[in-house]
Every structure is written in structure tokens, then in C-alpha cells.
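Next up, input.csv (CSV, C-alpha atoms):
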```
chain,number,residue,atom,x,y,z
K,163,MET,CA,0.0,0.0,0.0
K,164,GLN,CA,2.7,2.4,0.9
K,165,GLN,CA,4.8,1.4,-2.2
K,166,SER,CA,1.7,1.9,-4.3
K,167,GLN,CA,1.2,5.4,-2.8
K,168,GLN,CA,4.8,6.4,-3.5
K,169,LEU,CA,4.5,5.3,-7.1
K,170,THR,CA,1.3,7.3,-7.5
K,171,SER,CA,2.7,10.4,-6.0
K,172,GLU,CA,5.8,10.3,-8.3
K,173,GLN,CA,3.5,9.7,-11.3
K,174,GLN,CA,1.4,12.6,-10.3
K,175,ILE,CA,4.4,14.9,-10.0
K,176,ARG,CA,5.8,13.8,-13.4
K,177,GLU,CA,2.4,14.5,-15.0
K,178,LEU,CA,2.2,17.9,-13.4
K,179,LEU,CA,5.7,18.8,-14.6
K,180,ALA,CA,5.0,17.6,-18.2
K,181,SER,CA,1.9,19.7,-18.3
K,182,TRP,CA,3.8,22.7,-16.8
K,183,THR,CA,6.6,22.5,-19.3
K,184,GLN,CA,4.0,22.4,-22.1
K,185,ALA,CA,2.4,25.5,-20.6
K,186,VAL,CA,5.7,27.4,-20.5
K,187,GLN,CA,6.4,26.4,-24.1
K,188,ALA,CA,2.9,27.7,-25.0
K,189,LYS,CA,3.4,30.9,-22.9
K,190,ASP,CA,0.1,30.1,-21.2
K,191,LEU,CA,0.8,32.1,-18.0
K,192,SER,CA,-2.3,30.9,-16.1
K,193,ARG,CA,-1.5,27.3,-16.6
K,194,VAL,CA,2.2,27.9,-15.7
K,195,MET,CA,1.1,29.5,-12.4
K,196,ALA,CA,-1.4,26.7,-11.6
K,197,ILE,CA,1.3,24.5,-9.9
K,198,TYR,CA,2.4,27.1,-7.4
K,199,ALA,CA,1.2,27.4,-3.8
K,200,PRO,CA,0.0,30.9,-2.7
K,201,HIS,CA,3.1,31.2,-0.5
K,202,ILE,CA,5.6,30.0,-3.1
K,203,ARG,CA,9.2,31.0,-2.3
K,204,SER,CA,11.2,31.1,-5.5
K,205,PHE,CA,15.0,31.4,-6.0
K,206,ASP,CA,15.0,32.3,-9.7
K,207,ALA,CA,18.0,32.4,-12.0
K,208,ILE,CA,17.9,36.1,-12.6
K,209,GLN,CA,17.4,39.6,-11.0
K,210,LYS,CA,16.7,38.9,-7.3
K,211,LEU,CA,17.7,36.6,-4.4
K,212,GLN,CA,14.1,35.5,-4.0
K,213,PHE,CA,10.5,36.0,-4.9
K,214,ARG,CA,7.8,35.4,-2.3
K,215,GLY,CA,4.1,34.9,-3.0
K,216,VAL,CA,2.3,33.8,-6.2
K,217,GLU,CA,1.3,37.3,-7.3
K,218,VAL,CA,4.9,38.6,-7.1
K,219,TYR,CA,6.1,35.5,-8.9
K,220,ARG,CA,3.4,35.7,-11.6
K,221,ALA,CA,4.6,39.3,-12.4
K,222,HIS,CA,8.2,38.0,-12.7
K,223,TRP,CA,7.1,35.1,-15.0
K,224,GLU,CA,5.2,37.5,-17.2
K,225,ASN,CA,8.3,39.7,-17.5
K,226,CYS,CA,10.5,36.6,-18.3
K,227,MET,CA,8.1,35.5,-21.0
K,228,SER,CA,8.3,38.9,-22.7
K,229,HIS,CA,12.1,38.3,-23.1
K,230,CYS,CA,11.7,35.0,-25.0
K,231,GLY,CA,11.1,36.3,-28.5
K,232,GLY,CA,8.0,35.8,-30.7
K,233,GLY,CA,8.5,32.2,-31.6
K,234,PRO,CA,7.8,29.0,-29.6
K,235,SER,CA,9.7,28.8,-26.3
K,236,VAL,CA,12.3,26.0,-25.7
K,237,PHE,CA,11.7,24.6,-22.2
K,238,GLN,CA,12.6,20.9,-22.1
K,239,MET,CA,13.6,18.9,-19.0
K,240,ALA,CA,16.2,16.1,-19.0
K,241,GLN,CA,17.4,13.7,-16.3
K,242,LEU,CA,14.3,14.4,-14.2
K,243,GLU,CA,14.4,12.7,-10.8
K,244,VAL,CA,11.5,12.7,-8.4
K,245,GLU,CA,11.2,11.5,-4.7
K,246,ALA,CA,7.8,11.5,-3.1
K,247,ASN,CA,5.8,10.1,-0.3
K,248,VAL,CA,2.2,10.7,0.8
K,249,ASP,CA,2.3,14.5,1.1
K,250,LEU,CA,5.9,15.8,0.5
K,251,ALA,CA,8.0,15.5,-2.7
K,252,PHE,CA,10.9,17.0,-4.5
K,253,SER,CA,12.0,16.9,-8.1
K,254,HIS,CA,15.2,18.0,-9.8
K,255,ALA,CA,16.2,18.2,-13.5
K,256,LEU,CA,18.4,19.9,-16.1
K,257,ILE,CA,16.3,22.1,-18.3
K,258,GLN,CA,17.0,23.5,-21.7
K,259,CYS,CA,15.6,27.0,-21.7
K,260,GLY,CA,15.4,29.6,-24.4
K,261,GLY,CA,13.5,31.0,-27.3
K,262,THR,CA,13.4,31.5,-31.1
K,263,ASN,CA,14.7,34.8,-32.5
K,264,GLU,CA,13.2,36.6,-35.5
K,265,GLN,CA,15.4,34.6,-37.8
K,266,GLY,CA,13.9,31.4,-36.5
K,267,GLU,CA,17.1,30.4,-34.7
K,268,VAL,CA,16.9,28.7,-31.3
K,269,GLN,CA,18.8,30.6,-28.6
K,270,GLY,CA,19.1,29.1,-25.2
K,271,CYS,CA,21.2,27.3,-22.5
K,272,TRP,CA,21.0,24.5,-20.0
K,273,MET,CA,19.9,25.4,-16.6
K,274,ARG,CA,19.1,23.5,-13.4
K,275,THR,CA,15.7,23.3,-11.7
K,276,THR,CA,14.6,22.0,-8.3
K,277,GLN,CA,11.0,21.9,-7.2
K,278,CYS,CA,9.7,21.2,-3.7
K,279,TRP,CA,6.1,20.0,-3.3
K,280,ARG,CA,3.5,19.7,-0.6
K,281,LYS,CA,0.1,18.0,-1.1
K,282,THR,CA,-2.6,20.1,0.4
K,283,ALA,CA,-6.3,19.2,0.2
K,284,GLY,CA,-5.5,16.4,-2.3
K,285,GLN,CA,-3.6,18.7,-4.6
K,286,TRP,CA,0.2,18.8,-5.2
K,287,GLN,CA,1.6,22.3,-5.2
K,288,VAL,CA,5.1,23.7,-5.6
K,289,VAL,CA,6.0,25.6,-2.4
K,290,HIS,CA,9.6,26.2,-3.3
K,291,GLU,CA,11.4,26.5,-6.6
K,292,HIS,CA,15.1,27.0,-7.4
K,293,PHE,CA,16.4,27.8,-11.0
K,294,SER,CA,20.0,28.6,-11.8
K,295,VAL,CA,22.9,28.7,-14.2
K,296,PRO,CA,26.4,28.1,-12.7
K,297,PHE,CA,28.9,31.0,-13.0
K,298,ASP,CA,32.6,31.0,-13.9
K,299,MET,CA,34.9,31.9,-11.0
K,300,VAL,CA,37.3,33.8,-13.2
K,301,SER,CA,35.0,35.9,-15.4
K,302,ASN,CA,32.1,35.9,-12.9
K,303,GLU,CA,29.8,35.3,-16.0
K,304,ALA,CA,27.0,32.8,-16.2
K,305,MET,CA,28.1,29.6,-18.0
K,306,PHE,CA,25.6,29.4,-20.9
K,307,SER,CA,27.5,26.9,-23.0
K,308,LEU,CA,27.6,23.9,-20.6
K,309,GLN,CA,26.2,20.7,-21.9
K,310,PRO,CA,24.7,17.8,-19.9
K,311,ASP,CA,27.0,14.8,-19.2
V,1008,MET,CA,1.6,11.6,17.1
V,1009,GLN,CA,2.0,12.7,13.5
V,1010,GLN,CA,2.4,16.3,14.5
V,1011,SER,CA,5.0,15.3,17.1
V,1012,GLN,CA,6.9,13.4,14.4
V,1013,GLN,CA,6.8,16.4,12.1
V,1014,LEU,CA,8.3,18.7,14.7
V,1015,THR,CA,11.0,16.2,15.5
V,1016,SER,CA,12.0,15.8,11.9
V,1017,GLU,CA,12.2,19.6,11.4
V,1018,GLN,CA,14.3,20.0,14.6
V,1019,GLN,CA,16.6,17.2,13.4
V,1020,ILE,CA,17.1,18.9,10.0
V,1021,ARG,CA,17.8,22.3,11.7
V,1022,GLU,CA,20.4,20.7,14.0
V,1023,LEU,CA,22.1,19.0,11.2
V,1024,LEU,CA,22.3,22.2,9.2
V,1025,ALA,CA,23.6,24.1,12.2
V,1026,SER,CA,26.4,21.5,12.6
V,1027,TRP,CA,27.1,21.5,8.9
V,1028,THR,CA,27.5,25.3,8.6
V,1029,GLN,CA,29.9,25.2,11.6
V,1030,ALA,CA,31.8,22.4,9.8
V,1031,VAL,CA,32.1,24.6,6.6
V,1032,GLN,CA,33.2,27.6,8.7
V,1033,ALA,CA,35.9,25.3,10.3
V,1034,LYS,CA,36.9,23.8,6.9
V,1035,ASP,CA,36.3,20.4,8.4
V,1036,LEU,CA,35.8,18.5,5.2
V,1037,SER,CA,34.8,15.1,6.7
V,1038,ARG,CA,32.1,16.8,8.9
V,1039,VAL,CA,30.9,18.8,5.9
V,1040,MET,CA,30.5,15.6,3.8
V,1041,ALA,CA,28.8,13.7,6.6
V,1042,ILE,CA,25.3,15.0,5.7
V,1043,TYR,CA,25.4,13.7,2.1
V,1044,ALA,CA,24.0,10.5,0.8
V,1045,PRO,CA,26.3,8.3,-1.3
V,1046,HIS,CA,24.3,9.1,-4.5
V,1047,ILE,CA,24.1,12.9,-3.8
V,1048,ARG,CA,23.2,14.9,-6.9
V,1049,SER,CA,24.4,18.5,-6.5
V,1050,PHE,CA,23.7,21.6,-8.6
V,1051,ASP,CA,26.5,23.8,-7.3
V,1052,ALA,CA,26.9,27.5,-8.0
V,1053,ILE,CA,30.1,27.2,-10.0
V,1054,GLN,CA,31.9,25.3,-12.7
V,1055,LYS,CA,29.5,22.5,-13.8
V,1056,LEU,CA,25.8,21.7,-14.4
V,1057,GLN,CA,25.9,18.9,-11.8
V,1058,PHE,CA,28.1,16.8,-9.6
V,1059,ARG,CA,27.0,13.2,-9.0
V,1060,GLY,CA,28.2,10.9,-6.1
V,1061,VAL,CA,29.8,11.8,-2.8
V,1062,GLU,CA,33.4,11.2,-4.0
V,1063,VAL,CA,33.1,13.6,-6.9
V,1064,TYR,CA,31.3,16.1,-4.7
V,1065,ARG,CA,34.0,15.8,-2.0
V,1066,ALA,CA,36.7,16.6,-4.5
V,1067,HIS,CA,34.7,19.7,-5.5
V,1068,TRP,CA,34.2,20.8,-1.9
V,1069,GLU,CA,37.9,20.4,-1.3
V,1070,ASN,CA,38.7,22.6,-4.3
V,1071,CYS,CA,36.2,25.3,-3.2
V,1072,MET,CA,37.7,25.4,0.3
V,1073,SER,CA,41.1,26.0,-1.2
V,1074,HIS,CA,39.7,29.3,-2.7
V,1075,CYS,CA,38.4,30.7,0.5
V,1076,GLY,CA,41.5,32.3,1.9
V,1077,GLY,CA,43.5,31.4,5.0
V,1078,GLY,CA,41.2,33.0,7.6
V,1079,PRO,CA,37.9,31.7,9.0
V,1080,SER,CA,35.2,31.1,6.4
V,1081,VAL,CA,31.9,33.1,6.4
V,1082,PHE,CA,29.0,30.6,5.9
V,1083,GLN,CA,25.9,31.8,7.6
V,1084,MET,CA,22.3,30.9,6.9
V,1085,ALA,CA,19.4,33.4,7.1
V,1086,GLN,CA,15.6,32.9,6.6
V,1087,LEU,CA,15.9,29.1,6.8
V,1088,GLU,CA,12.7,27.3,6.2
V,1089,VAL,CA,12.2,23.5,6.6
V,1090,GLU,CA,9.3,21.2,5.7
V,1091,ALA,CA,9.6,17.6,6.8
V,1092,ASN,CA,7.5,14.5,7.5
V,1093,VAL,CA,8.5,11.0,8.6
V,1094,ASP,CA,11.2,10.3,5.9
V,1095,LEU,CA,11.3,13.2,3.4
V,1096,ALA,CA,12.2,16.8,3.9
V,1097,PHE,CA,13.4,19.9,2.1
V,1098,SER,CA,15.1,23.1,3.4
V,1099,HIS,CA,15.8,26.4,1.8
V,1100,ALA,CA,17.7,29.5,2.9
V,1101,LEU,CA,19.7,32.5,2.0
V,1102,ILE,CA,23.4,32.0,2.8
V,1103,GLN,CA,26.2,34.5,3.2
V,1104,CYS,CA,29.2,32.9,1.7
V,1105,GLY,CA,32.8,34.0,1.6
V,1106,GLY,CA,36.2,34.2,3.3
V,1107,THR,CA,38.7,36.5,4.9
V,1108,ASN,CA,41.6,37.8,2.8
V,1109,GLU,CA,45.2,38.3,4.0
V,1110,GLN,CA,44.3,41.8,5.3
V,1111,GLY,CA,41.6,40.3,7.5
V,1112,GLU,CA,38.8,41.7,5.3
V,1113,VAL,CA,35.6,39.6,4.8
V,1114,GLN,CA,34.8,39.1,1.2
V,1115,GLY,CA,31.6,37.4,0.2
V,1116,CYS,CA,28.1,37.5,-1.2
V,1117,TRP,CA,24.6,36.3,-0.5
V,1118,MET,CA,23.7,33.0,-2.2
V,1119,ARG,CA,20.6,30.7,-2.1
V,1120,THR,CA,20.7,27.1,-1.0
V,1121,THR,CA,18.1,24.3,-1.2
V,1122,GLN,CA,18.6,20.9,0.3
V,1123,CYS,CA,16.4,17.8,-0.2
V,1124,TRP,CA,16.6,15.1,2.4
V,1125,ARG,CA,15.7,11.4,2.8
V,1126,LYS,CA,15.7,9.5,6.1
V,1127,THR,CA,17.4,6.1,5.5
V,1128,ALA,CA,18.0,3.6,8.3
V,1129,GLY,CA,17.1,6.3,10.9
V,1130,GLN,CA,19.5,8.9,9.5
V,1131,TRP,CA,18.7,12.1,7.6
V,1132,GLN,CA,20.8,12.5,4.5
V,1133,VAL,CA,21.0,15.2,1.8
V,1134,VAL,CA,20.2,13.4,-1.5
V,1135,HIS,CA,20.0,16.6,-3.6
V,1136,GLU,CA,21.5,20.1,-3.1
V,1137,HIS,CA,21.2,23.3,-5.1
V,1138,PHE,CA,23.4,26.4,-4.6
V,1139,SER,CA,23.3,29.5,-6.8
V,1140,VAL,CA,23.7,33.2,-7.3
V,1141,PRO,CA,21.3,35.0,-9.7
V,1142,PHE,CA,22.8,36.6,-12.8
V,1143,ASP,CA,22.1,39.9,-14.4
V,1144,MET,CA,20.4,39.6,-17.8
V,1145,VAL,CA,22.3,42.6,-19.3
V,1146,SER,CA,25.9,41.9,-18.2
V,1147,ASN,CA,25.4,38.1,-17.8
V,1148,GLU,CA,27.4,38.5,-14.6
V,1149,ALA,CA,26.7,36.9,-11.2
V,1150,MET,CA,25.0,39.4,-8.9
V,1151,PHE,CA,27.2,39.4,-5.9
V,1152,SER,CA,26.0,42.6,-4.3
V,1153,LEU,CA,22.3,41.6,-3.7
V,1154,GLN,CA,21.1,41.9,-0.1
V,1155,PRO,CA,18.2,40.0,1.6
V,1156,ASP,CA,14.9,41.8,1.8
```
Could you take the file, read its structure, and then write that structure out as C-alpha cells?
Amino acid sequence: MQQSQQLTSEQQIRELLASWTQAVQAKDLSRVMAIYAPHIRSFDAIQKLQFRGVEVYRAHWENCMSHCGGGPSVFQMAQLEVEANVDLAFSHALIQCGGTNEQGEVQGCWMRTTQCWRKTAGQWQVVHEHFSVPFDMVSNEAMFSLQPD
Amino acid sequence: MQQSQQLTSEQQIRELLASWTQAVQAKDLSRVMAIYAPHIRSFDAIQKLQFRGVEVYRAHWENCMSHCGGGPSVFQMAQLEVEANVDLAFSHALIQCGGTNEQGEVQGCWMRTTQCWRKTAGQWQVVHEHFSVPFDMVSNEAMFSLQPD
């Protein structure tokens, strides 16, 4: 029974993430925001140390989407791992993130994403999210050309 | 009973993190590594997209410590939040990270850290860790001067 519950939780998280990445690709902001808890604490890759609360984070997501060019967004997870039990879970993956410029060229990089989940009233929600790109200690610049091993 | 278990798990995680930050400040590598599971997957702030396995991650920690100057290290968590149940947990915090140079001056920045925990054979271990500094979208440089709000 417990093993079955664990499998079900992991499957639920994987389905939510698949739907969420599709929503980001489609720039469907309402569907993107649907996975976040009202008190989400996000450590995003750019701009600030943290974003607290779903309204603040929604405004940030909207701003990010406006920087992704007019074409379809690239937002593809790789090496996704999920650990879950009955009401807590975490997931981590590499994520190819970018957009298409006016010449139709894909521009992007590999990032890392961690999501921390709590099940509340039967619904899994992301209560904490962490996105980042590593930086180079000599130039201090974000390392956009790293490839997954 | 369940509430009591939750409080205990959170307290255990907080104690482990307090001991771990002291170990980093003291540059006690064995004590630093003691919280990690053998199959740790780390998304660190520098150099690579990911580090897999405690031996690979130990070598990386050793390398990082050699860059922190001769004086005591600065490694201080703020705004730590922990969610835990019987065998899974996650914690996230801002962390002031740096060192002391030969003139005795503290040099460092605020970073973000997320740890994901699993309890195995009665022992909490970090199975996933994520450290980062946000970058500036114009200069592409890591934002070392951000302050907590």
C-alpha cells in the first residue's frame, strides 16, 4: 500500500511537470502559475535573491516570457528525478531554456531546476522552486554553454 | 503523534544544518561531507551543471575550500525554512558565503541554497543540493551585491 502510494505520488508529480513545461512552451501564464502554492518562495536564475508569494512570482514570470522572442519557447527537461511520499516531494532536473529569434534560430542554454512540493487538500503544489545557471569563477559570468554529461 | 513526528523531523534537520554550517566555517571536510547520501546529486553555484556521487562532490568541496583564503570562512544561513515529514524533507535558505583575505577583510556575497533530504536507516541525508547566485540579464554576470529583503 505504501509502495503503491509512493508510485502514485511520483507519477502525479511527473504528469504535473509535463503539463507545466508544455504551458511554459505555449506561454500560457495561467497554466504555468497553476502548480504554485499561494506562499511560493522562488529562488529564480535572474534579477533577485528571492520572490515570495504567487502574485509577485506571476509578475516575474510575465516579465520573463516577454524576453523570450516571438516564436515558440524552448523549455525541455532532461534527467528528471522525483522523490515523493504521501504529502511531500521534491524533483530536480536539467532544463534547456530559451527561445526562437526573428530569424527562427533557437537561442538558449542548459539550466538546473529544483521543485519542492506539498500535497494540500488532495492537490500537489510547488511551495519552493530554485532555478539557476552556474557561474565561472574567473570571469564571474553565467556559463551558458555547458552541456549535460 | 504525526504532529510530534513532524516537529521532531524539522528539529533534526535544523540541528544537522547548524552543525554542517559550523563544519564549513571550520573547513572540516569530513564533517561537511557527513550529511550527504552516497548518491548525492548536486547543482552547485560554479563550474559544472551537476556533480553526482559523494566522492566527486567531496573533491569539488575540497577545491572550493582552497579558494576561501586562510582565515575563517563566512558561511551563515538566514531565513531558513524547513518542511519535513517522517522520511522526506526539504530546506531552503539564503546563505552568506565568503572568506577572509590576508588583510583580514571579509569578502563574500549572498547566495541561495536548497537541500532535499531522505531518512534512511534512521539517518537524515541530503540526496540533492542546489546552490546558486542569480545573474544579471544585461551583463550576464553573477549578482554578488544583492542583499536579503
I need the contact residues of chain K against chain V, so if you could list those with any atom within 6 Å, counting all atoms listed in the file, and return them as a ChimeraX atom specification, that would help.
/K:207-209,296-298,302-304
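Restricting the calculation to all atoms listed in the file, the smallest distance between Ala1041 of chain V and any of V:Asn1108, V:Ser1152, V:Gln1083, V:Gln1130 is found for V:Gln1130.
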Just want the 9 Å neighbourhood of Leu178 of chain K, counted on all atoms listed in the file, with same-chain residues fewer than 5 positions away dropped. Output as a PyMOL selection string.
chain K and resi 173+183+197+286
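Between atom CA of Met1084 of chain V and atom CA of Ala199 of chain K the interatomic distance comes to 23.9 Å.
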Point-to-point distance from atom CA of Arg220 of chain K to atom CA of Arg176 of chain K, Å rounded to tenths:
22.1 Å
Take chain K, lay it over chain V with a least-squares fit on all the Cα atoms in order, then hand it over as an mmCIF file with C-alpha atoms, keeping the file's coordinate frame.
```
data_model
loop_
_atom_site.group_PDB
_atom_site.id
_atom_site.type_symbol
_atom_site.label_atom_id
_atom_site.label_comp_id
_atom_site.auth_asym_id
_atom_site.auth_seq_id
_atom_site.Cartn_x
_atom_site.Cartn_y
_atom_site.Cartn_z
ATOM 1 C CA MET K 163 1.682 11.622 17.115
ATOM 2 C CA GLN K 164 2.070 12.677 13.565
ATOM 3 C CA GLN K 165 2.413 16.403 14.575
ATOM 4 C CA SER K 166 5.018 15.344 17.098
ATOM 5 C CA GLN K 167 6.939 13.436 14.374
ATOM 6 C CA GLN K 168 6.903 16.421 12.020
ATOM 7 C CA LEU K 169 8.251 18.685 14.726
ATOM 8 C CA THR K 170 11.033 16.216 15.479
ATOM 9 C CA SER K 171 12.028 15.798 11.922
ATOM 10 C CA GLU K 172 12.255 19.613 11.374
ATOM 11 C CA GLN K 173 14.291 19.912 14.601
ATOM 12 C CA GLN K 174 16.578 17.223 13.435
ATOM 13 C CA ILE K 175 17.138 18.904 10.082
ATOM 14 C CA ARG K 176 17.810 22.314 11.710
ATOM 15 C CA GLU K 177 20.375 20.677 14.023
ATOM 16 C CA LEU K 178 22.065 18.946 11.141
ATOM 17 C CA LEU K 179 22.275 22.193 9.162
ATOM 18 C CA ALA K 180 23.680 24.173 12.161
ATOM 19 C CA SER K 181 26.331 21.571 12.641
ATOM 20 C CA TRP K 182 27.086 21.544 8.861
ATOM 21 C CA THR K 183 27.453 25.279 8.651
ATOM 22 C CA GLN K 184 29.846 25.142 11.628
ATOM 23 C CA ALA K 185 31.830 22.475 9.792
ATOM 24 C CA VAL K 186 32.107 24.575 6.626
ATOM 25 C CA GLN K 187 33.200 27.572 8.693
ATOM 26 C CA ALA K 188 35.844 25.314 10.323
ATOM 27 C CA LYS K 189 36.866 23.819 6.913
ATOM 28 C CA ASP K 190 36.377 20.385 8.459
ATOM 29 C CA LEU K 191 35.801 18.531 5.149
ATOM 30 C CA SER K 192 34.831 15.184 6.736
ATOM 31 C CA ARG K 193 32.161 16.692 8.845
ATOM 32 C CA VAL K 194 30.872 18.790 5.879
ATOM 33 C CA MET K 195 30.533 15.588 3.808
ATOM 34 C CA ALA K 196 28.801 13.658 6.637
ATOM 35 C CA ILE K 197 25.286 14.950 5.639
ATOM 36 C CA TYR K 198 25.431 13.746 2.068
ATOM 37 C CA ALA K 199 23.979 10.489 0.738
ATOM 38 C CA PRO K 200 26.361 8.312 -1.381
ATOM 39 C CA HIS K 201 24.297 9.176 -4.469
ATOM 40 C CA ILE K 202 24.072 12.914 -3.814
ATOM 41 C CA ARG K 203 23.173 14.936 -6.929
ATOM 42 C CA SER K 204 24.430 18.471 -6.518
ATOM 43 C CA PHE K 205 23.690 21.592 -8.638
ATOM 44 C CA ASP K 206 26.493 23.818 -7.340
ATOM 45 C CA ALA K 207 26.902 27.526 -7.960
ATOM 46 C CA ILE K 208 30.050 27.232 -9.977
ATOM 47 C CA GLN K 209 31.913 25.260 -12.751
ATOM 48 C CA LYS K 210 29.490 22.476 -13.776
ATOM 49 C CA LEU K 211 25.770 21.741 -14.342
ATOM 50 C CA GLN K 212 25.904 18.965 -11.772
ATOM 51 C CA PHE K 213 27.983 16.762 -9.570
ATOM 52 C CA ARG K 214 26.927 13.168 -8.954
ATOM 53 C CA GLY K 215 28.176 10.926 -6.153
ATOM 54 C CA VAL K 216 29.787 11.809 -2.790
ATOM 55 C CA GLU K 217 33.370 11.194 -3.908
ATOM 56 C CA VAL K 218 33.041 13.552 -6.912
ATOM 57 C CA TYR K 219 31.361 16.112 -4.695
ATOM 58 C CA ARG K 220 33.955 15.787 -1.904
ATOM 59 C CA ALA K 221 36.714 16.613 -4.501
ATOM 60 C CA HIS K 222 34.727 19.716 -5.580
ATOM 61 C CA TRP K 223 34.243 20.840 -1.917
ATOM 62 C CA GLU K 224 37.931 20.435 -1.254
ATOM 63 C CA ASN K 225 38.729 22.592 -4.295
ATOM 64 C CA CYS K 226 36.144 25.260 -3.160
ATOM 65 C CA MET K 227 37.666 25.373 0.295
ATOM 66 C CA SER K 228 41.123 26.059 -1.144
ATOM 67 C CA HIS K 229 39.651 29.261 -2.736
ATOM 68 C CA CYS K 230 38.407 30.719 0.579
ATOM 69 C CA GLY K 231 41.592 32.302 1.862
ATOM 70 C CA GLY K 232 43.506 31.471 5.079
ATOM 71 C CA GLY K 233 41.165 33.011 7.563
ATOM 72 C CA PRO K 234 37.850 31.725 9.007
ATOM 73 C CA SER K 235 35.174 31.065 6.372
ATOM 74 C CA VAL K 236 31.876 33.086 6.375
ATOM 75 C CA PHE K 237 29.012 30.619 5.844
ATOM 76 C CA GLN K 238 25.889 31.834 7.656
ATOM 77 C CA MET K 239 22.278 30.921 6.795
ATOM 78 C CA ALA K 240 19.326 33.327 7.103
ATOM 79 C CA GLN K 241 15.580 32.886 6.587
ATOM 80 C CA LEU K 242 15.917 29.101 6.852
ATOM 81 C CA GLU K 243 12.655 27.272 6.163
ATOM 82 C CA VAL K 244 12.230 23.558 6.610
ATOM 83 C CA GLU K 245 9.301 21.156 5.677
ATOM 84 C CA ALA K 246 9.501 17.581 6.817
ATOM 85 C CA ASN K 247 7.501 14.514 7.445
ATOM 86 C CA VAL K 248 8.504 11.012 8.567
ATOM 87 C CA ASP K 249 11.142 10.274 5.915
ATOM 88 C CA LEU K 250 11.274 13.146 3.317
ATOM 89 C CA ALA K 251 12.198 16.822 3.928
ATOM 90 C CA PHE K 252 13.401 19.905 2.212
ATOM 91 C CA SER K 253 15.035 23.056 3.471
ATOM 92 C CA HIS K 254 15.782 26.365 1.789
ATOM 93 C CA ALA K 255 17.732 29.456 2.963
ATOM 94 C CA LEU K 256 19.775 32.495 1.926
ATOM 95 C CA ILE K 257 23.380 31.974 2.833
ATOM 96 C CA GLN K 258 26.154 34.451 3.256
ATOM 97 C CA CYS K 259 29.235 32.831 1.809
ATOM 98 C CA GLY K 260 32.801 33.988 1.622
ATOM 99 C CA GLY K 261 36.144 34.196 3.283
ATOM 100 C CA THR K 262 38.738 36.477 4.947
ATOM 101 C CA ASN K 263 41.585 37.811 2.789
ATOM 102 C CA GLU K 264 45.153 38.318 4.015
ATOM 103 C CA GLN K 265 44.255 41.769 5.204
ATOM 104 C CA GLY K 266 41.606 40.332 7.463
ATOM 105 C CA GLU K 267 38.767 41.740 5.356
ATOM 106 C CA VAL K 268 35.604 39.686 4.839
ATOM 107 C CA GLN K 269 34.845 39.068 1.158
ATOM 108 C CA GLY K 270 31.667 37.357 0.225
ATOM 109 C CA CYS K 271 28.074 37.492 -1.192
ATOM 110 C CA TRP K 272 24.605 36.196 -0.545
ATOM 111 C CA MET K 273 23.685 33.043 -2.217
ATOM 112 C CA ARG K 274 20.685 30.701 -2.160
ATOM 113 C CA THR K 275 20.677 27.094 -0.942
ATOM 114 C CA THR K 276 18.110 24.301 -1.199
ATOM 115 C CA GLN K 277 18.589 20.913 0.374
ATOM 116 C CA CYS K 278 16.479 17.807 -0.205
ATOM 117 C CA TRP K 279 16.538 15.048 2.430
ATOM 118 C CA ARG K 280 15.617 11.416 2.745
ATOM 119 C CA LYS K 281 15.753 9.466 6.043
ATOM 120 C CA THR K 282 17.351 6.137 5.482
ATOM 121 C CA ALA K 283 18.012 3.639 8.286
ATOM 122 C CA GLY K 284 17.092 6.299 10.895
ATOM 123 C CA GLN K 285 19.511 8.823 9.492
ATOM 124 C CA TRP K 286 18.678 12.040 7.551
ATOM 125 C CA GLN K 287 20.836 12.519 4.498
ATOM 126 C CA VAL K 288 20.960 15.170 1.792
ATOM 127 C CA VAL K 289 20.244 13.482 -1.570
ATOM 128 C CA HIS K 290 20.024 16.660 -3.565
ATOM 129 C CA GLU K 291 21.555 20.077 -3.117
ATOM 130 C CA HIS K 292 21.170 23.282 -5.157
ATOM 131 C CA PHE K 293 23.412 26.436 -4.591
ATOM 132 C CA SER K 294 23.284 29.517 -6.766
ATOM 133 C CA VAL K 295 23.784 33.214 -7.278
ATOM 134 C CA PRO K 296 21.318 34.973 -9.662
ATOM 135 C CA PHE K 297 22.837 36.566 -12.809
ATOM 136 C CA ASP K 298 22.135 39.917 -14.476
ATOM 137 C CA MET K 299 20.382 39.634 -17.846
ATOM 138 C CA VAL K 300 22.279 42.534 -19.329
ATOM 139 C CA SER K 301 25.875 41.879 -18.243
ATOM 140 C CA ASN K 302 25.392 38.101 -17.847
ATOM 141 C CA GLU K 303 27.485 38.464 -14.568
ATOM 142 C CA ALA K 304 26.652 36.901 -11.253
ATOM 143 C CA MET K 305 24.931 39.403 -8.914
ATOM 144 C CA PHE K 306 27.274 39.422 -5.879
ATOM 145 C CA SER K 307 25.985 42.601 -4.298
ATOM 146 C CA LEU K 308 22.326 41.626 -3.644
ATOM 147 C CA GLN K 309 21.141 41.932 -0.124
ATOM 148 C CA PRO K 310 18.314 39.998 1.587
ATOM 149 C CA ASP K 311 14.908 41.762 1.841
#
```
Between atom CA of Gly1111 of chain V and atom CA of Leu1087 of chain V, what is the distance in Å, rounded to a tenth?
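Those two atoms sit 28.0 Å apart.
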Select, from V:Ile1102, V:Met1072, V:Ala1128, V:Ile1047, the residue with the minimum atom-to-atom distance to Asp1035 of chain V, counting all atoms listed in the file.
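Using all atoms listed in the file, the shortest distance to Asp1035 of chain V belongs to V:Met1072.
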